[in-house]
Structure formats: structure tokens, C-alpha cells
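As provided, model_25.csv (CSV, C-alpha atoms) reads as follows.
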```csv
chain,number,residue,atom,x,y,z
A,488,MET,CA,13.0,-11.4,-33.7
A,489,LYS,CA,13.0,-14.5,-31.5
A,490,LEU,CA,15.8,-13.1,-29.4
A,491,LEU,CA,13.8,-9.8,-28.9
A,492,GLN,CA,10.7,-11.8,-28.0
A,493,PHE,CA,12.8,-13.8,-25.4
A,494,VAL,CA,14.3,-10.6,-24.0
A,495,ALA,CA,10.9,-8.9,-23.7
A,496,MET,CA,9.4,-12.0,-22.0
A,497,VAL,CA,12.3,-12.3,-19.5
A,498,LEU,CA,12.4,-8.6,-18.7
A,499,THR,CA,8.7,-8.4,-18.3
A,500,ALA,CA,8.7,-11.5,-16.0
A,501,LEU,CA,11.6,-10.0,-14.0
A,502,ALA,CA,9.6,-6.7,-13.7
A,503,LEU,CA,6.8,-8.7,-12.0
A,504,VAL,CA,9.1,-10.1,-9.3
A,505,PRO,CA,9.6,-7.1,-7.1
A,506,VAL,CA,6.0,-5.8,-7.3
A,507,GLY,CA,4.7,-9.3,-6.8
A,508,ALA,CA,6.8,-9.5,-3.6
A,509,HIS,CA,5.3,-6.2,-2.4
A,510,LEU,CA,1.8,-7.4,-3.2
A,511,PHE,CA,2.2,-10.7,-1.2
A,512,ALA,CA,4.0,-8.9,1.7
A,513,LEU,CA,1.2,-6.2,2.0
A,514,PRO,CA,-1.1,-8.2,4.3
A,515,ASN,CA,1.7,-8.9,6.7
A,516,LYS,CA,3.1,-5.3,6.7
A,517,ILE,CA,0.1,-3.0,6.5
A,518,HIS,CA,-0.8,-3.1,10.2
A,519,LEU,CA,2.7,-3.2,11.6
A,520,SER,CA,3.6,-0.6,14.3
A,521,GLU,CA,5.6,2.4,13.2
A,522,SER,CA,8.9,1.1,14.5
A,523,ASN,CA,8.4,-2.4,13.0
A,524,TYR,CA,7.3,-1.0,9.7
A,525,PHE,CA,10.3,1.2,9.4
A,526,ILE,CA,12.6,-1.7,10.3
A,527,VAL,CA,10.9,-3.9,7.6
A,528,GLN,CA,11.2,-1.2,5.0
A,529,ASN,CA,15.0,-1.5,5.2
A,530,ILE,CA,14.8,-4.8,3.3
A,531,TYR,CA,14.1,-2.7,0.1
A,532,ARG,CA,17.4,-0.8,0.1
A,533,ALA,CA,18.9,-0.9,-3.4
A,534,TRP,CA,15.7,-2.2,-4.9
A,535,ALA,CA,15.6,1.0,-7.0
A,536,LEU,CA,18.2,-0.7,-9.2
A,537,LEU,CA,15.4,-3.0,-10.3
A,538,GLY,CA,14.0,0.0,-12.2
A,539,ILE,CA,16.5,-0.8,-14.8
A,540,VAL,CA,14.7,-4.1,-15.5
A,541,LEU,CA,11.4,-2.2,-15.9
A,542,ILE,CA,12.9,0.3,-18.3
A,543,GLY,CA,14.4,-2.5,-20.3
A,544,ALA,CA,11.0,-4.3,-20.4
A,545,VAL,CA,9.3,-1.1,-21.6
A,546,LEU,CA,11.9,-0.7,-24.4
A,547,ALA,CA,11.8,-4.3,-25.4
A,548,ASN,CA,8.0,-4.4,-25.6
A,549,LEU,CA,7.9,-1.1,-27.6
A,550,THR,CA,10.6,-2.3,-30.0
A,551,LEU,CA,8.8,-5.6,-30.4
A,552,ALA,CA,5.5,-3.8,-31.0
A,553,VAL,CA,7.1,-1.8,-33.8
A,554,LEU,CA,8.6,-4.9,-35.4
A,555,ILE,CA,5.4,-6.9,-35.4
A,556,ARG,CA,3.1,-4.0,-36.3
A,557,ALA,CA,2.0,-5.8,-39.5
A,558,GLN,CA,0.5,-8.6,-37.3
A,559,ARG,CA,-2.6,-7.0,-35.9
A,560,ALA,CA,-3.4,-9.2,-32.8
A,561,PRO,CA,0.2,-9.7,-31.7
A,562,PHE,CA,0.9,-6.0,-32.2
A,563,ILE,CA,-2.1,-5.0,-30.1
A,564,PHE,CA,-1.2,-7.4,-27.2
A,565,THR,CA,2.4,-6.3,-27.2
A,566,LEU,CA,1.4,-2.6,-27.2
A,567,ILE,CA,-1.0,-3.3,-24.3
A,568,SER,CA,1.9,-4.9,-22.5
A,569,ALA,CA,4.2,-1.9,-23.1
A,570,LEU,CA,1.4,0.6,-22.1
A,571,CYS,CA,0.8,-1.3,-18.9
A,572,LEU,CA,4.5,-1.1,-18.1
A,573,LEU,CA,4.5,2.6,-18.8
A,574,ALA,CA,1.4,2.9,-16.5
A,575,THR,CA,3.4,1.3,-13.7
A,576,LEU,CA,6.1,4.0,-14.1
A,577,ALA,CA,3.5,6.7,-14.0
A,578,ILE,CA,2.0,5.2,-10.8
A,579,PHE,CA,5.4,4.8,-9.2
A,580,PHE,CA,6.3,8.5,-9.9
A,581,ALA,CA,2.8,9.7,-8.8
A,582,PHE,CA,2.4,7.7,-5.6
A,583,THR,CA,5.4,5.5,-4.6
A,584,TYR,CA,8.2,7.9,-5.2
A,585,PRO,CA,6.6,10.8,-3.3
A,586,ALA,CA,6.1,8.5,-0.3
A,587,ASN,CA,9.8,7.5,-0.5
A,588,GLN,CA,10.8,11.2,-0.6
A,589,ALA,CA,8.5,12.2,2.3
A,590,THR,CA,10.1,9.5,4.5
A,591,ASN,CA,13.6,9.8,3.2
A,592,ASN,CA,13.3,6.3,1.9
A,593,TRP,CA,11.7,5.1,5.1
A,594,THR,CA,14.4,6.4,7.4
A,595,ALA,CA,12.4,9.5,8.7
A,596,VAL,CA,9.0,9.4,10.3
A,597,PRO,CA,6.7,12.2,9.2
A,598,ALA,CA,3.4,12.9,11.0
A,599,ASN,CA,1.4,11.4,8.1
A,600,TRP,CA,3.5,8.2,7.9
A,601,GLU,CA,0.5,5.9,8.1
A,602,GLN,CA,-1.1,7.6,5.1
A,603,LEU,CA,2.2,7.4,3.2
A,604,ARG,CA,2.4,3.7,4.1
A,605,TRP,CA,-1.0,3.0,2.5
A,606,GLN,CA,-0.1,5.1,-0.5
A,607,TRP,CA,3.2,3.2,-0.9
A,608,GLU,CA,1.7,-0.3,-0.3
A,609,VAL,CA,-1.4,0.2,-2.5
A,610,SER,CA,0.6,1.7,-5.4
A,611,HIS,CA,2.9,-1.3,-5.4
A,612,ALA,CA,-0.1,-3.7,-5.2
A,613,VAL,CA,-1.8,-1.9,-8.1
A,614,ASN,CA,1.5,-2.1,-10.1
A,615,ALA,CA,1.7,-5.8,-9.4
A,616,VAL,CA,-1.7,-6.3,-11.0
A,617,ILE,CA,-0.9,-4.1,-13.9
A,618,THR,CA,2.5,-5.8,-14.5
A,619,PHE,CA,0.8,-9.2,-14.4
A,620,VAL,CA,-1.6,-8.0,-17.1
A,621,ALA,CA,1.4,-6.8,-19.1
A,622,PHE,CA,3.1,-10.2,-18.7
A,623,CYS,CA,-0.1,-12.1,-19.8
A,624,SER,CA,-0.7,-9.7,-22.7
A,625,LEU,CA,2.9,-10.2,-23.9
A,626,THR,CA,2.5,-14.0,-23.6
A,627,ILE,CA,-0.6,-13.9,-25.7
A,628,SER,CA,1.2,-11.8,-28.3
A,629,LEU,CA,4.0,-14.3,-28.5
A,630,LEU,CA,1.6,-17.2,-28.8
A,631,LEU,CA,-0.1,-15.5,-31.7
A,632,ALA,CA,2.9,-14.1,-33.5
A,633,ARG,CA,4.0,-15.6,-36.8
A,634,GLU,CA,7.5,-16.0,-38.1
```

Rewrite the coordinates I just gave you, this time as C-alpha cells.
Amino acid sequence: MKLLQFVAMVLTALALVPVGAHLFALPNKIHLSESNYFIVQNIYRAWALLGIVLIGAVLANLTLAVLIRAQRAPFIFTLISALCLLATLAIFFAFTYPANQATNNWTAVPANWEQLRWQWEVSHAVNAVITFVAFCSLTISLLLARE
């Protein structure tokens, strides 16, 4: 149980890192010119691999929730964490991924690139907040959990 709690905490914390980076970069990127924005977007190449961490965090949180279901408060907080992480996946596939596809991962400039930039940046910012809630909820769960 302790190992799973540790894994859930580490994976949830790691899931916070990329979206936190996007959130804190947003004010510096949102008003860049087209050419500068597309250049800056190149720093995210291969970040899709970080999705593995998010999937692992979801699975670890869901597994932990099942195992501690007899402990009401820890179960609820762990479930909230898992649902938050699932919500970030839904937001990614509803908003971020379509912007990536429309821009060929920010290598092609469509006419509506500015709208897509806002969609991409805001979806990441929202996911950062939701992931932070997931992390806090999981932390509360672990503090409340009994052996």
C-alpha cells in the first residue's frame, strides 16, 4: 500500500510539471508574433511522451482509490484526484490536441492560428490548475489514510 501511495504521489507530481511549465510560460508567450510563437513552440517536441506519466498517475490514483475504499475520506480525496486527472485528459483531447492537429504540431500556420494559440495555451493553463487540485487532493488523502 505504501509503495502504491508513493507511486501515485510521484506520478501525480510529475504530471504537474509540464502543465505548470505551460502555465508559467503563458504570460511570456501569448502575445508573441506569429514567427516567434512558432519558433518557441518547438521546445515542446517530444513532450507527448509525458502523457505516459499522466496515464500512470490516473491508473495509480484509481488503483489506490479501490484499495482504500473502506476509508471514506481518503477514498473520496483519492477519487477526486483521479477524476481531476481524467478531466485533464478530456480537456487535452477536446482543446489541446485539435490545436496541435490543426497546426501540424505547430509547424504549419493556419489562418486561425491566433485562436488556436489561445485554445492551446488556455487549455494547458486550466489543466495546470486541475492537476494542482489533483495533487493537493491526493496529498490530503495520504495524510488521512490509515495503515

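Proximity to Ala535 of chain A at 12 Å, evaluated using all atoms listed in the file and with sequence-adjacent residues fewer than 2 positions away removed, yields Ala502, Pro505, Val506, Ile530, Tyr531, Arg532, Ala533, Leu537, Gly538, Ile539, Val540, Leu541, Ile542, Phe579, Thr583, Tyr584, Asn587 and Asn592 of chain A.
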
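For the choices A:Val504, A:Leu603, A:Leu566, A:Ala589, the atom-to-atom distance to Ile627 of chain A is smallest for A:Leu566 when using all atoms listed in the file.
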
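Of the listed residues (A:Gln528, A:Phe511, A:Ser610, A:Leu625), A:Leu625 comes nearest to Leu491 of chain A; the distances count only C-alpha atoms.
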
Pick from A:Leu572, A:Val527, A:Val497, A:Leu546 nearest to Val616 of chain A, counting only C-alpha atoms: A:Leu572

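As for atom CA of Leu631 of chain A and atom CA of Ala615 of chain A, they are spaced 24.4 Å apart.
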
Completion of segment 543-558 of chain A up to N, CA and C atoms, as a PDB file, in the coordinates of the input:
```pdb
ATOM      1  N   GLY A 543      14.060  -1.585 -19.236  1.00  0.00           N
ATOM      2  CA  GLY A 543      14.400  -2.500 -20.300  1.00  0.00           C
ATOM      3  C   GLY A 543      13.174  -3.259 -20.828  1.00  0.00           C
ATOM      4  N   ALA A 544      12.255  -3.620 -19.944  1.00  0.00           N
ATOM      5  CA  ALA A 544      11.000  -4.300 -20.400  1.00  0.00           C
ATOM      6  C   ALA A 544      10.170  -3.372 -21.239  1.00  0.00           C
ATOM      7  N   VAL A 545      10.066  -2.115 -20.843  1.00  0.00           N
ATOM      8  CA  VAL A 545       9.300  -1.100 -21.600  1.00  0.00           C
ATOM      9  C   VAL A 545       9.927  -1.024 -23.032  1.00  0.00           C
ATOM     10  N   LEU A 546      11.231  -0.834 -23.077  1.00  0.00           N
ATOM     11  CA  LEU A 546      11.900  -0.700 -24.400  1.00  0.00           C
ATOM     12  C   LEU A 546      11.795  -1.927 -25.234  1.00  0.00           C
ATOM     13  N   ALA A 547      11.951  -3.088 -24.629  1.00  0.00           N
ATOM     14  CA  ALA A 547      11.800  -4.300 -25.400  1.00  0.00           C
ATOM     15  C   ALA A 547      10.433  -4.525 -25.934  1.00  0.00           C
ATOM     16  N   ASN A 548       9.417  -4.229 -25.110  1.00  0.00           N
ATOM     17  CA  ASN A 548       8.000  -4.400 -25.600  1.00  0.00           C
ATOM     18  C   ASN A 548       7.703  -3.368 -26.666  1.00  0.00           C
ATOM     19  N   LEU A 549       8.147  -2.127 -26.515  1.00  0.00           N
ATOM     20  CA  LEU A 549       7.900  -1.100 -27.600  1.00  0.00           C
ATOM     21  C   LEU A 549       8.587  -1.482 -28.859  1.00  0.00           C
ATOM     22  N   THR A 550       9.836  -1.921 -28.766  1.00  0.00           N
ATOM     23  CA  THR A 550      10.600  -2.300 -30.000  1.00  0.00           C
ATOM     24  C   THR A 550       9.901  -3.497 -30.648  1.00  0.00           C
ATOM     25  N   LEU A 551       9.496  -4.476 -29.857  1.00  0.00           N
ATOM     26  CA  LEU A 551       8.800  -5.600 -30.400  1.00  0.00           C
ATOM     27  C   LEU A 551       7.495  -5.224 -31.077  1.00  0.00           C
ATOM     28  N   ALA A 552       6.755  -4.310 -30.452  1.00  0.00           N
ATOM     29  CA  ALA A 552       5.500  -3.800 -31.000  1.00  0.00           C
ATOM     30  C   ALA A 552       5.747  -3.205 -32.409  1.00  0.00           C
ATOM     31  N   VAL A 553       6.789  -2.408 -32.510  1.00  0.00           N
ATOM     32  CA  VAL A 553       7.100  -1.800 -33.800  1.00  0.00           C
ATOM     33  C   VAL A 553       7.447  -2.834 -34.845  1.00  0.00           C
ATOM     34  N   LEU A 554       8.213  -3.836 -34.441  1.00  0.00           N
ATOM     35  CA  LEU A 554       8.600  -4.900 -35.400  1.00  0.00           C
ATOM     36  C   LEU A 554       7.516  -5.785 -35.857  1.00  0.00           C
ATOM     37  N   ILE A 555       6.500  -5.963 -35.040  1.00  0.00           N
ATOM     38  CA  ILE A 555       5.400  -6.900 -35.400  1.00  0.00           C
ATOM     39  C   ILE A 555       4.121  -6.100 -35.746  1.00  0.00           C
ATOM     40  N   ARG A 556       4.236  -4.822 -36.036  1.00  0.00           N
ATOM     41  CA  ARG A 556       3.100  -4.000 -36.300  1.00  0.00           C
ATOM     42  C   ARG A 556       2.190  -4.495 -37.430  1.00  0.00           C
ATOM     43  N   ALA A 557       2.746  -5.265 -38.342  1.00  0.00           N
ATOM     44  CA  ALA A 557       2.000  -5.800 -39.500  1.00  0.00           C
ATOM     45  C   ALA A 557       1.046  -6.947 -39.028  1.00  0.00           C
ATOM     46  N   GLN A 558       1.322  -7.528 -37.876  1.00  0.00           N
ATOM     47  CA  GLN A 558       0.500  -8.600 -37.300  1.00  0.00           C
ATOM     48  C   GLN A 558      -0.446  -8.006 -36.293  1.00  0.00           C
TER      49      GLN A 558
END
```
